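Student: Following this line is protein.pdb, made up of PDB, C-alpha atoms:
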MODEL        1
ATOM      1  CA  MET B 131     102.051  52.751 -43.203
ATOM      2  CA  HIS B 132     100.638  54.013 -39.936
ATOM      3  CA  TYR B 133      97.407  55.921 -39.701
ATOM      4  CA  LEU B 134      96.395  57.998 -36.762
ATOM      5  CA  LYS B 135      92.717  58.848 -36.704
ATOM      6  CA  VAL B 136      91.984  61.852 -34.580
ATOM      7  CA  ASN B 137      88.733  63.015 -36.019
ATOM      8  CA  ARG B 138      85.941  61.557 -38.075
ATOM      9  CA  VAL B 139      82.989  63.493 -39.370
ATOM     10  CA  ILE B 140      79.865  62.408 -41.102
ATOM     11  CA  ILE B 141      79.176  64.913 -43.869
ATOM     12  CA  LEU B 142      75.730  65.789 -45.047
ATOM     13  CA  GLN B 143      75.290  68.090 -48.005
ATOM     14  CA  LYS B 144      72.465  69.402 -50.062
ATOM     15  CA  SER B 145      73.241  70.506 -53.550
ATOM     16  CA  SER B 146      71.434  72.244 -56.332
ATOM     17  CA  ALA B 147      73.132  73.540 -59.406
ATOM     18  CA  PRO B 148      72.353  74.080 -63.082
ATOM     19  CA  ARG B 149      74.363  71.739 -65.297
ATOM     20  CA  MET B 150      75.036  71.862 -68.999
ATOM     21  CA  GLU B 151      75.599  68.466 -70.573
ATOM     22  CA  VAL B 152      75.782  66.886 -74.014
ATOM     23  CA  ILE B 153      73.277  64.301 -75.152
ATOM     24  CA  LYS B 154      73.790  61.899 -78.048
ATOM     25  CA  GLU B 155      70.624  60.863 -79.789
ATOM     26  CA  ILE B 156      69.429  59.217 -82.976
ATOM     27  CA  VAL B 157      67.624  61.515 -85.364
ATOM     28  CA  ARG B 158      65.961  60.928 -88.685
ATOM     29  CA  VAL B 159      67.345  63.437 -91.136
ATOM     30  CA  SER B 160      64.654  64.456 -93.604
ATOM     31  CA  GLY B 161      63.274  67.389 -95.461
ATOM     32  CA  MET B 162      65.894  67.426 -98.174
ATOM     33  CA  ALA B 163      65.590  66.442-101.803
ATOM     34  CA  GLN B 164      67.215  63.124-100.934
ATOM     35  CA  PRO B 165      65.767  60.143 -99.047
ATOM     36  CA  ASP B 166      65.773  60.269 -95.268
ATOM     37  CA  TYR B 167      68.428  58.610 -93.196
ATOM     38  CA  TYR B 168      69.144  58.070 -89.540
ATOM     39  CA  ALA B 169      72.204  59.574 -87.896
ATOM     40  CA  THR B 170      73.535  60.279 -84.470
ATOM     41  CA  GLN B 171      73.582  63.842 -83.280
ATOM     42  CA  LYS B 172      75.043  65.503 -80.244
ATOM     43  CA  SER B 173      73.185  68.396 -78.716
ATOM     44  CA  LYS B 174      73.614  70.422 -75.558
ATOM     45  CA  TYR B 175      71.051  70.709 -72.847
ATOM     46  CA  THR B 176      70.838  72.454 -69.520
ATOM     47  CA  ASP B 177      68.956  71.210 -66.507
ATOM     48  CA  PHE B 178      68.564  72.066 -62.881
ATOM     49  CA  GLY B 179      68.870  69.341 -60.299
ATOM     50  CA  LEU B 180      68.369  68.969 -56.592
ATOM     51  CA  GLY B 181      69.887  66.315 -54.405
ATOM     52  CA  GLY B 182      71.868  65.377 -51.365
ATOM     53  CA  SER B 183      75.163  63.795 -50.445
ATOM     54  CA  LEU B 184      76.444  61.689 -47.603
ATOM     55  CA  GLY B 185      80.103  61.339 -46.803
ATOM     56  CA  TYR B 186      82.781  60.377 -44.367
ATOM     57  CA  LYS B 187      85.726  62.535 -43.422
ATOM     58  CA  MET B 188      88.806  61.582 -41.452
ATOM     59  CA  TYR B 189      92.122  63.119 -40.477
ATOM     60  CA  PHE B 190      95.499  61.475 -40.448
ATOM     61  CA  LYS B 191      98.176  62.823 -38.137
ATOM     62  CA  ASP B 192      95.959  65.843 -37.364
ATOM     63  CA  ARG B 193      96.733  67.479 -40.666
ATOM     64  CA  ILE B 194      95.803  65.351 -43.677
ATOM     65  CA  ALA B 195      92.105  65.194 -44.400
ATOM     66  CA  LEU B 196      90.474  62.550 -46.535
ATOM     67  CA  GLU B 197      86.831  62.801 -47.462
ATOM     68  CA  PHE B 198      84.489  60.549 -49.430
ATOM     69  CA  ILE B 199      81.164  61.817 -50.659
ATOM     70  CA  VAL B 200      78.408  59.971 -52.449
ATOM     71  CA  GLY B 201      75.292  61.741 -53.541
ATOM     72  CA  PHE B 202      72.241  61.465 -55.689
ATOM     73  CA  GLY B 203      69.975  64.044 -57.167
ATOM     74  CA  SER B 204      67.116  64.479 -59.525
ATOM     75  CA  ASN B 205      66.937  66.638 -62.596
ATOM     76  CA  LEU B 206      63.907  68.838 -62.569
ATOM     77  CA  THR B 207      63.299  70.984 -65.613
ATOM     78  CA  ASN B 208      64.502  69.230 -68.787
ATOM     79  CA  ARG B 209      63.961  65.550 -68.162
ATOM     80  CA  ASP B 210      63.121  64.744 -71.766
ATOM     81  CA  LYS B 211      66.805  65.049 -72.525
ATOM     82  CA  SER B 212      68.520  64.785 -69.187
ATOM     83  CA  PRO B 213      68.742  61.651 -67.060
ATOM     84  CA  ASP B 214      66.106  61.515 -64.339
ATOM     85  CA  VAL B 215      68.603  60.627 -61.622
ATOM     86  CA  ILE B 216      72.128  61.959 -61.392
ATOM     87  CA  SER B 217      74.892  60.698 -59.160
ATOM     88  CA  ARG B 218      77.851  62.406 -57.610
ATOM     89  CA  VAL B 219      80.936  60.819 -56.155
ATOM     90  CA  GLY B 220      83.654  62.850 -54.496
ATOM     91  CA  LEU B 221      87.046  62.110 -53.114
ATOM     92  CA  ASN B 222      88.731  65.066 -51.436
ATOM     93  CA  LEU B 223      92.225  65.204 -50.074
ATOM     94  CA  GLY B 224      93.176  68.163 -47.887
ATOM     95  CA  TYR B 225      95.845  69.537 -45.620
ATOM     96  CA  ARG B 226      95.163  71.442 -42.436
ATOM     97  CA  PHE B 227      97.718  74.220 -41.767
TER      98      PHE B 227
ATOM     99  CA  MET H  64      91.696  50.380 -40.563
ATOM    100  CA  LYS H  65      89.365  47.729 -41.846
ATOM    101  CA  LYS H  66      86.611  50.274 -42.205
ATOM    102  CA  LEU H  67      88.915  52.448 -44.254
ATOM    103  CA  HIS H  68      89.536  49.579 -46.660
ATOM    104  CA  TYR H  69      85.819  49.056 -47.115
ATOM    105  CA  ILE H  70      85.243  52.749 -47.721
ATOM    106  CA  VAL H  71      88.036  52.950 -50.277
ATOM    107  CA  LEU H  72      86.795  49.824 -52.018
ATOM    108  CA  ILE H  73      83.199  51.017 -52.208
ATOM    109  CA  THR H  74      84.252  54.457 -53.363
ATOM    110  CA  ILE H  75      86.456  53.081 -56.121
ATOM    111  CA  ALA H  76      83.621  50.808 -57.228
ATOM    112  CA  ILE H  77      81.237  53.735 -57.407
ATOM    113  CA  LEU H  78      83.819  55.837 -59.217
ATOM    114  CA  VAL H  79      84.321  53.114 -61.805
ATOM    115  CA  SER H  80      80.600  52.687 -62.241
ATOM    116  CA  ASN H  81      80.409  56.391 -63.039
ATOM    117  CA  CYS H  82      82.991  56.121 -65.799
ATOM    118  CA  ASP H  83      80.324  55.222 -68.358
ATOM    119  CA  THR H  84      80.410  57.717 -71.178
ATOM    120  CA  ASN H  85      77.591  58.597 -73.502
ATOM    121  CA  ASP H  86      79.086  56.390 -76.186
ATOM    122  CA  ASP H  87      79.469  53.356 -73.928
ATOM    123  CA  GLY H  88      75.865  53.271 -72.952
ATOM    124  CA  PHE H  89      74.472  54.574 -76.180
ATOM    125  CA  TYR H  90      71.682  52.511 -77.613
ATOM    126  CA  ASN H  91      72.429  52.579 -81.329
ATOM    127  CA  ASN H  92      69.612  50.498 -82.778
ATOM    128  CA  VAL H  93      67.016  51.839 -85.165
ATOM    129  CA  PHE H  94      63.817  50.002 -86.032
ATOM    130  CA  ILE H  95      61.680  50.373 -89.133
ATOM    131  CA  ASP H  96      58.901  48.362 -90.776
ATOM    132  CA  VAL H  97      59.008  47.481 -94.447
ATOM    133  CA  PRO H  98      56.832  44.615 -95.697
ATOM    134  CA  ASP H  99      57.695  41.758 -98.029
ATOM    135  CA  LEU H 100      61.478  41.928 -98.153
ATOM    136  CA  VAL H 101      61.835  38.150 -97.850
ATOM    137  CA  THR H 102      59.920  35.631 -99.920
ATOM    138  CA  ILE H 103      59.503  31.894-100.181
ATOM    139  CA  GLU H 104      59.876  31.172-103.860
ATOM    140  CA  SER H 105      57.084  29.381-105.687
ATOM    141  CA  PRO H 106      55.214  28.297-102.577
ATOM    142  CA  THR H 107      53.471  24.974-102.980
ATOM    143  CA  ALA H 108      52.008  22.405-100.632
ATOM    144  CA  THR H 109      54.016  19.534-102.067
ATOM    145  CA  TYR H 110      57.640  19.049-103.061
ATOM    146  CA  SER H 111      59.555  16.011-104.280
ATOM    147  CA  VAL H 112      62.625  14.513-102.658
ATOM    148  CA  GLY H 113      65.672  16.138-104.164
ATOM    149  CA  GLN H 114      63.974  19.455-104.806
ATOM    150  CA  LYS H 115      65.235  22.575-103.119
ATOM    151  CA  LEU H 116      63.203  25.099-101.187
ATOM    152  CA  TYR H 117      64.393  28.551-102.167
ATOM    153  CA  VAL H 118      64.149  31.552 -99.883
ATOM    154  CA  SER H 119      65.119  34.832-101.424
ATOM    155  CA  SER H 120      65.418  38.465-100.592
ATOM    156  CA  GLN H 121      66.214  41.373-102.822
ATOM    157  CA  PHE H 122      65.773  44.934-101.746
ATOM    158  CA  PRO H 123      67.281  48.272-102.728
ATOM    159  CA  LYS H 124      69.282  50.509-100.466
ATOM    160  CA  ILE H 125      66.431  52.999-100.508
ATOM    161  CA  LEU H 126      63.302  51.612 -98.876
ATOM    162  CA  ASN H 127      59.913  53.066 -98.094
ATOM    163  CA  ASP H 128      58.689  52.880 -94.509
ATOM    164  CA  GLY H 129      56.148  55.632 -95.052
ATOM    165  CA  ALA H 130      58.820  57.879 -96.506
ATOM    166  CA  LEU H 131      61.915  57.039 -98.461
ATOM    167  CA  ILE H 132      64.877  56.040 -96.329
ATOM    168  CA  ASP H 133      68.439  55.303 -97.396
ATOM    169  CA  ILE H 134      69.453  52.253 -95.379
ATOM    170  CA  PHE H 135      72.980  52.201 -96.750
ATOM    171  CA  GLN H 136      73.630  55.759 -95.674
ATOM    172  CA  THR H 137      72.087  54.975 -92.307
ATOM    173  CA  THR H 138      74.183  51.895 -91.596
ATOM    174  CA  GLY H 139      77.123  51.732 -93.981
ATOM    175  CA  ALA H 140      76.399  48.008 -93.951
ATOM    176  CA  ASN H 141      77.276  45.695 -96.791
ATOM    177  CA  GLU H 142      75.244  42.888 -95.278
ATOM    178  CA  PHE H 143      71.850  42.375 -93.683
ATOM    179  CA  VAL H 144      71.098  39.105 -91.931
ATOM    180  CA  PHE H 145      68.018  37.188 -90.944
ATOM    181  CA  SER H 146      67.275  33.629 -89.930
ATOM    182  CA  TYR H 147      64.787  30.868 -90.510
ATOM    183  CA  VAL H 148      64.248  27.320 -89.390
ATOM    184  CA  ILE H 149      63.128  24.259 -91.333
ATOM    185  CA  GLU H 150      61.657  21.488 -89.216
ATOM    186  CA  LYS H 151      60.393  17.991 -89.949
ATOM    187  CA  GLN H 152      57.558  16.331 -88.075
ATOM    188  CA  ILE H 153      58.750  13.218 -86.234
ATOM    189  CA  ASN H 154      55.502  12.256 -84.516
ATOM    190  CA  ALA H 155      52.044  13.658 -83.862
ATOM    191  CA  THR H 156      53.295  16.470 -81.657
ATOM    192  CA  ASP H 157      57.051  16.825 -82.115
ATOM    193  CA  TRP H 158      59.237  18.422 -84.723
ATOM    194  CA  GLU H 159      62.985  18.314 -85.209
ATOM    195  CA  VAL H 160      65.193  20.858 -86.889
ATOM    196  CA  VAL H 161      66.483  19.749 -90.272
ATOM    197  CA  THR H 162      70.171  20.422 -90.721
ATOM    198  CA  VAL H 163      72.367  19.974 -93.734
ATOM    199  CA  ASN H 164      75.979  20.806 -94.442
ATOM    200  CA  ASP H 165      76.624  24.286 -95.755
ATOM    201  CA  SER H 166      77.999  22.669 -98.917
ATOM    202  CA  GLN H 167      74.569  21.162 -99.599
ATOM    203  CA  LEU H 168      72.921  24.561 -99.686
ATOM    204  CA  ASP H 169      72.436  26.002-103.140
ATOM    205  CA  ILE H 170      73.813  29.480-102.604
ATOM    206  CA  VAL H 171      72.897  31.565-105.635
ATOM    207  CA  LYS H 172      73.161  35.021-104.096
ATOM    208  CA  GLY H 173      74.374  36.224-100.750
ATOM    209  CA  ASP H 174      75.599  33.674 -98.236
ATOM    210  CA  ALA H 175      74.163  31.227 -95.722
ATOM    211  CA  GLN H 176      75.245  29.110 -92.802
ATOM    212  CA  ASN H 177      73.234  26.202 -91.522
ATOM    213  CA  GLY H 178      73.117  24.994 -87.936
ATOM    214  CA  SER H 179      70.116  24.930 -85.658
ATOM    215  CA  TYR H 180      68.745  27.534 -88.042
ATOM    216  CA  VAL H 181      69.671  28.954 -91.404
ATOM    217  CA  TYR H 182      71.666  32.153 -90.974
ATOM    218  CA  ALA H 183      70.880  34.099 -94.111
ATOM    219  CA  ILE H 184      73.171  36.879 -95.260
ATOM    220  CA  CYS H 185      71.940  39.417 -97.811
ATOM    221  CA  GLN H 186      74.962  40.944 -99.487
ATOM    222  CA  TYR H 187      75.079  44.371-101.076
ATOM    223  CA  ASN H 188      75.625  44.390-104.807
ATOM    224  CA  THR H 189      77.382  47.644-105.618
ATOM    225  CA  VAL H 190      76.457  47.394-109.291
ATOM    226  CA  SER H 191      72.717  46.990-108.840
ATOM    227  CA  SER H 192      72.583  48.763-105.436
ATOM    228  CA  LEU H 193      70.553  45.821-104.142
ATOM    229  CA  TYR H 194      70.927  43.635-101.092
ATOM    230  CA  GLU H 195      70.585  40.094-102.424
ATOM    231  CA  TYR H 196      69.986  36.631-101.041
ATOM    232  CA  ARG H 197      68.827  33.481-102.782
ATOM    233  CA  VAL H 198      69.567  30.100-101.272
ATOM    234  CA  GLY H 199      68.009  26.700-101.887
ATOM    235  CA  PHE H 200      67.602  24.275 -99.008
ATOM    236  CA  PRO H 201      67.691  20.606-100.138
ATOM    237  CA  LEU H 202      64.730  18.431 -99.225
ATOM    238  CA  LEU H 203      66.356  15.032 -98.759
ATOM    239  CA  SER H 204      63.616  12.826 -97.339
ATOM    240  CA  THR H 205      59.874  12.411 -97.403
ATOM    241  CA  GLY H 206      57.764  13.814 -94.608
ATOM    242  CA  THR H 207      55.840  16.777 -93.311
ATOM    243  CA  TYR H 208      57.858  19.956 -92.965
ATOM    244  CA  ARG H 209      57.419  23.499 -91.829
ATOM    245  CA  LEU H 210      59.457  26.668 -92.158
ATOM    246  CA  SER H 211      59.380  29.596 -89.760
ATOM    247  CA  PHE H 212      61.166  32.905 -89.421
ATOM    248  CA  GLY H 213      60.664  33.435 -85.717
ATOM    249  CA  TYR H 214      63.851  31.858 -84.384
ATOM    250  CA  ASN H 215      65.329  35.147 -83.253
ATOM    251  CA  SER H 216      62.102  37.010 -82.608
ATOM    252  CA  ASP H 217      58.673  36.616 -81.083
ATOM    253  CA  SER H 218      56.848  37.678 -84.187
ATOM    254  CA  VAL H 219      54.881  35.026 -86.066
ATOM    255  CA  ASN H 220      54.220  36.771 -89.337
ATOM    256  CA  SER H 221      57.397  38.705 -89.920
ATOM    257  CA  VAL H 222      61.138  38.408 -90.109
ATOM    258  CA  GLU H 223      63.684  40.742 -88.620
ATOM    259  CA  LEU H 224      66.558  41.738 -90.868
ATOM    260  CA  ARG H 225      69.488  43.226 -89.001
ATOM    261  CA  SER H 226      72.324  45.198 -90.506
ATOM    262  CA  LEU H 227      75.903  44.098 -89.949
ATOM    263  CA  SER H 228      77.078  47.649 -89.536
ATOM    264  CA  PRO H 229      80.678  48.772 -89.145
ATOM    265  CA  ALA H 230      81.728  49.742 -85.645
ATOM    266  CA  ALA H 231      80.314  53.044 -84.428
ATOM    267  CA  ARG H 232      77.578  53.029 -87.057
ATOM    268  CA  LEU H 233      73.881  52.611 -86.400
ATOM    269  CA  ILE H 234      72.367  49.143 -86.500
ATOM    270  CA  LEU H 235      69.157  49.014 -88.487
ATOM    271  CA  ASN H 236      66.513  46.431 -87.673
ATOM    272  CA  ILE H 237      63.923  46.004 -90.381
ATOM    273  CA  ASN H 238      60.748  44.216 -89.390
ATOM    274  CA  SER H 239      59.276  42.764 -92.547
ATOM    275  CA  THR H 240      56.006  40.895 -92.823
ATOM    276  CA  ILE H 241      55.987  37.730 -94.911
ATOM    277  CA  THR H 242      53.123  36.404 -96.947
ATOM    278  CA  GLY H 243      52.293  32.715 -97.125
ATOM    279  CA  LEU H 244      52.595  31.885 -93.425
ATOM    280  CA  ASP H 245      49.758  30.413 -91.369
ATOM    281  CA  SER H 246      48.404  32.031 -88.207
ATOM    282  CA  ASN H 247      51.168  30.404 -86.150
ATOM    283  CA  GLY H 248      53.891  31.719 -88.417
ATOM    284  CA  PHE H 249      54.632  28.506 -90.317
ATOM    285  CA  TYR H 250      54.932  27.688 -93.973
ATOM    286  CA  ASN H 251      53.758  24.086 -94.109
ATOM    287  CA  PHE H 252      54.602  21.655 -96.893
ATOM    288  CA  THR H 253      55.018  17.974 -97.622
ATOM    289  CA  VAL H 254      57.871  16.193 -99.342
ATOM    290  CA  ASN H 255      56.960  13.051-101.268
TER     291      ASN H 255
ENDMDL
END
Please rewrite the model in this file as structure tokens.
Tutor:
Amino acid sequence: MHYLKVNRVIILQKSSAPRMEVIKEIVRVSGMAQPDYYATQKSKYTDFGLGGSLGYKMYFKDRIALEFIVGFGSNLTNRDKSPDVISRVGLNLGYRF
Amino acid sequence: MKKLHYIVLITIAILVSNCDTNDDGFYNNVFIDVPDLVTIESPTATYSVGQKLYVSSQFPKILNDGALIDIFQTTGANEFVFSYVIEKQINATDWEVVTVNDSQLDIVKGDAQNGSYVYAICQYNTVSSLYEYRVGFPLLSTGTYRLSFGYNSDSVNSVELRSLSPAARLILNINSTITGLDSNGFYNFTVN
């Protein structure tokens, strides 16, 4: 296969977006007439994160675009449940008309 | 071209590293403290050659760690395991692990395997709703011995019982203090 590189771009992005995720945690079930027990429980949480991405974009034959993006961010508002650091990996394929 | 290969390789590696799901990385261990679940039967300073040293454990599926807790419902486990080591003094400072064949163990309840330590298996009795273990370790020669429960833990005065839970169930670790151990975590005795 032959590649023809005609353009390469370093991509810098900032991102901030609210995300709703599911967390799985161990809880002690109590308060009933029966003995307690431990169980796993899934619950939803929403957090707001801020981060940045760095990528590399190239064109093949002037028309086909390929872009890699790697980014990291930090959750800000609900860190008891959400992970402190979040990652983002992107692979974009495009066509220029 | 070479650079492209590196970029693709690194990107795929990062993509794969991000494939971890909640279940894959989920830490499914639970820890509780319940004292005196394991006992050394009839502790004495002196035994005779040919006698057996019995270690036993018998506990219900509902324990009290400050509040009642159903360990069977938590784990679904039919077995809890723990370990202990019996050593014999070979000179003023050194001890060696005493090993016997599994067939020489007097297995009354539960199960046991002997290697560099005794792997004790408390088995659930569905009739009595008790986890049970009672195994006698043969004392085959004279000497100074010691028994400890710290082979798989750093604790000196307690033993850790761990549930053998079915897949996808929680694993319960019960830290249980043991009476009759010295300050270094040993039960010392002599065989004459």
Student: Listing only residues of chain H within 6 Å of chain B, what is the closest atom pair and its distance in Å (to one decimal) for each, using all atoms listed in the file, sorted by chain and residue number ascending, as a tab-separated table?
Tutor:
residue	atom	partner	partner_atom	distance
H:Leu131	CA	B:Pro165	CA	5.0
H:Ile132	CA	B:Asp166	CA	4.5
H:Asp133	CA	B:Tyr167	CA	5.3
H:Thr137	CA	B:Tyr168	CA	5.1
Student: Pick the closest to B:Arg226 from B:Leu206, B:Leu180, B:Leu196, B:Ala163: which is it, counting all atoms listed in the file?
Tutor: B:Leu196
Student: May I ask for the distance between atom CA of H:Ser221 and atom CA of H:Asn92, given in Å to one decimal place?
Tutor: 18.4 Å
Student: Distance cut-off 8 Å, centre (64.3, 46.5, -103.9) in file coordinates, counting all atoms listed in the file: which residues qualify? Return them as a ChimeraX atom specification.
Tutor: /H:100,121-126,193-194
Student: Need to verify the contact set: stretch 206-215 of chain H, 8 Å, only C-alpha atoms, exclusion of same-chain residues closer than 4 positions in sequence. Can you return it as a count of residues only?
Tutor: 21
Student: One number please: atom CA of H:Tyr90 to atom CA of H:Ile234, in Å, one decimal.
Tutor: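 Between these atoms lies a distance of 9.5 Å.
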Student: For atom CA of H:Leu202 and atom CA of H:Gln167, determine how far apart the two atoms are, in Å to one decimal place.
Tutor: 10.2 Å
Student: So what does the PyMOL selection byres ((chain H and resi 120) around 10) actually pick up in this one, as a list in words?
Tutor: Asp99, Leu100, Val101, Thr102, Ile103, Glu104, Val118, Ser119, Gln121, Phe122, Lys172, Gly173, Ala183, Ile184, Cys185, Gln186, Leu193, Tyr194, Glu195, Tyr196, Arg197 and Val198 of chain H
Student: List, as a ChimeraX atom specification, every residue that the PyMOL selection byres ((chain B and resi 204) around 7) selects in the file provided.
Tutor: /B:179-181,203,205-206,214-216
Student: Between B:Glu197, B:Glu151, B:Asn208, B:Asp192, which is the closest to B:Phe178 once you count only C-alpha atoms?
Tutor: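 Comparing B:Glu197, B:Glu151, B:Asn208, B:Asp192 against B:Phe178, the winner is B:Asn208.
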Student: Spell out the residues picked by the PyMOL selection byres ((chain H and resi 238) around 7) here, as a list of chain:residue names.
Tutor: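 So the PyMOL selection byres ((chain H and resi 238) around 7), applied here, picks out H:Ile95, H:Asp96, H:Val97, H:Ser221, H:Val222, H:Glu223, H:Leu224, H:Asn236, H:Ile237, H:Ser239, H:Thr240.
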Student: Between B:Leu223, B:Tyr175, B:Tyr189, B:Gly161, which is the closest to B:Thr207 once you count all atoms listed in the file?
Tutor: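 Under the stated criterion, the closest residue is B:Tyr175.
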Student: Kindly compute an axis-aligned box around the listed atoms of stretch 202-220 of chain B, allowing 6 Å on each side, and express its centre and edge lengths in Å to one decimal as lines of an AutoDock Vina configuration file.
Tutor:
center_x = 73.4
center_y = 65.8
center_z = -63.5
size_x = 32.5
size_y = 22.4
size_z = 30.0
Student: Because the input lacks atoms here, generate N, CA and C atoms for stretch 199-218 of chain H and report them as an mmCIF file, in the frame of the given file.
Tutor:
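Dumped everything to out15.cif:
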data_model
loop_
_atom_site.group_PDB
_atom_site.id
_atom_site.type_symbol
_atom_site.label_atom_id
_atom_site.label_comp_id
_atom_site.auth_asym_id
_atom_site.auth_seq_id
_atom_site.Cartn_x
_atom_site.Cartn_y
_atom_site.Cartn_z
ATOM 1 N N GLY H 199 68.892 27.858 -101.848
ATOM 2 C CA GLY H 199 68.009 26.700 -101.887
ATOM 3 C C GLY H 199 68.388 25.701 -100.807
ATOM 4 N N PHE H 200 67.375 25.253 -100.081
ATOM 5 C CA PHE H 200 67.602 24.275 -99.008
ATOM 6 C C PHE H 200 67.170 22.904 -99.535
ATOM 7 N N PRO H 201 68.046 21.907 -99.551
ATOM 8 C CA PRO H 201 67.691 20.606 -100.138
ATOM 9 C C PRO H 201 66.708 19.829 -99.268
ATOM 10 N N LEU H 202 65.728 19.257 -99.927
ATOM 11 C CA LEU H 202 64.730 18.431 -99.225
ATOM 12 C C LEU H 202 65.094 16.979 -99.507
ATOM 13 N N LEU H 203 65.672 16.309 -98.525
ATOM 14 C CA LEU H 203 66.356 15.032 -98.759
ATOM 15 C C LEU H 203 65.530 13.805 -98.403
ATOM 16 N N SER H 204 64.422 13.994 -97.705
ATOM 17 C CA SER H 204 63.616 12.826 -97.339
ATOM 18 C C SER H 204 62.145 13.191 -97.285
ATOM 19 N N THR H 205 61.317 12.161 -97.420
ATOM 20 C CA THR H 205 59.874 12.411 -97.403
ATOM 21 C C THR H 205 59.426 12.768 -95.987
ATOM 22 N N GLY H 206 58.304 13.464 -95.915
ATOM 23 C CA GLY H 206 57.764 13.814 -94.608
ATOM 24 C C GLY H 206 57.007 15.122 -94.654
ATOM 25 N N THR H 207 56.555 15.505 -93.474
ATOM 26 C CA THR H 207 55.840 16.777 -93.311
ATOM 27 C C THR H 207 56.808 17.802 -92.726
ATOM 28 N N TYR H 208 56.884 18.929 -93.360
ATOM 29 C CA TYR H 208 57.858 19.956 -92.965
ATOM 30 C C TYR H 208 57.139 21.272 -92.665
ATOM 31 N N ARG H 209 57.895 22.138 -92.014
ATOM 32 C CA ARG H 209 57.419 23.499 -91.829
ATOM 33 C C ARG H 209 58.625 24.443 -91.746
ATOM 34 N N LEU H 210 58.394 25.642 -92.186
ATOM 35 C CA LEU H 210 59.457 26.668 -92.158
ATOM 36 C C LEU H 210 58.933 27.859 -91.365
ATOM 37 N N SER H 211 59.793 28.415 -90.523
ATOM 38 C CA SER H 211 59.380 29.596 -89.760
ATOM 39 C C SER H 211 60.540 30.589 -89.683
ATOM 40 N N PHE H 212 60.165 31.832 -89.470
ATOM 41 C CA PHE H 212 61.166 32.905 -89.421
ATOM 42 C C PHE H 212 61.321 33.480 -88.013
ATOM 43 N N GLY H 213 60.708 32.832 -87.044
ATOM 44 C CA GLY H 213 60.664 33.435 -85.717
ATOM 45 C C GLY H 213 61.750 33.001 -84.773
ATOM 46 N N TYR H 214 62.833 32.407 -85.291
ATOM 47 C CA TYR H 214 63.851 31.858 -84.384
ATOM 48 C C TYR H 214 64.445 32.934 -83.480
ATOM 49 N N ASN H 215 64.712 34.085 -84.049
ATOM 50 C CA ASN H 215 65.329 35.147 -83.253
ATOM 51 C C ASN H 215 64.355 36.258 -82.887
ATOM 52 N N SER H 216 63.061 35.987 -82.978
ATOM 53 C CA SER H 216 62.102 37.010 -82.608
ATOM 54 C C SER H 216 60.816 36.348 -82.135
ATOM 55 N N ASP H 217 59.948 37.133 -81.571
ATOM 56 C CA ASP H 217 58.673 36.616 -81.083
ATOM 57 C C ASP H 217 57.568 36.750 -82.120
ATOM 58 N N SER H 218 57.877 37.431 -83.189
ATOM 59 C CA SER H 218 56.848 37.678 -84.187
ATOM 60 C C SER H 218 56.530 36.392 -84.953
#
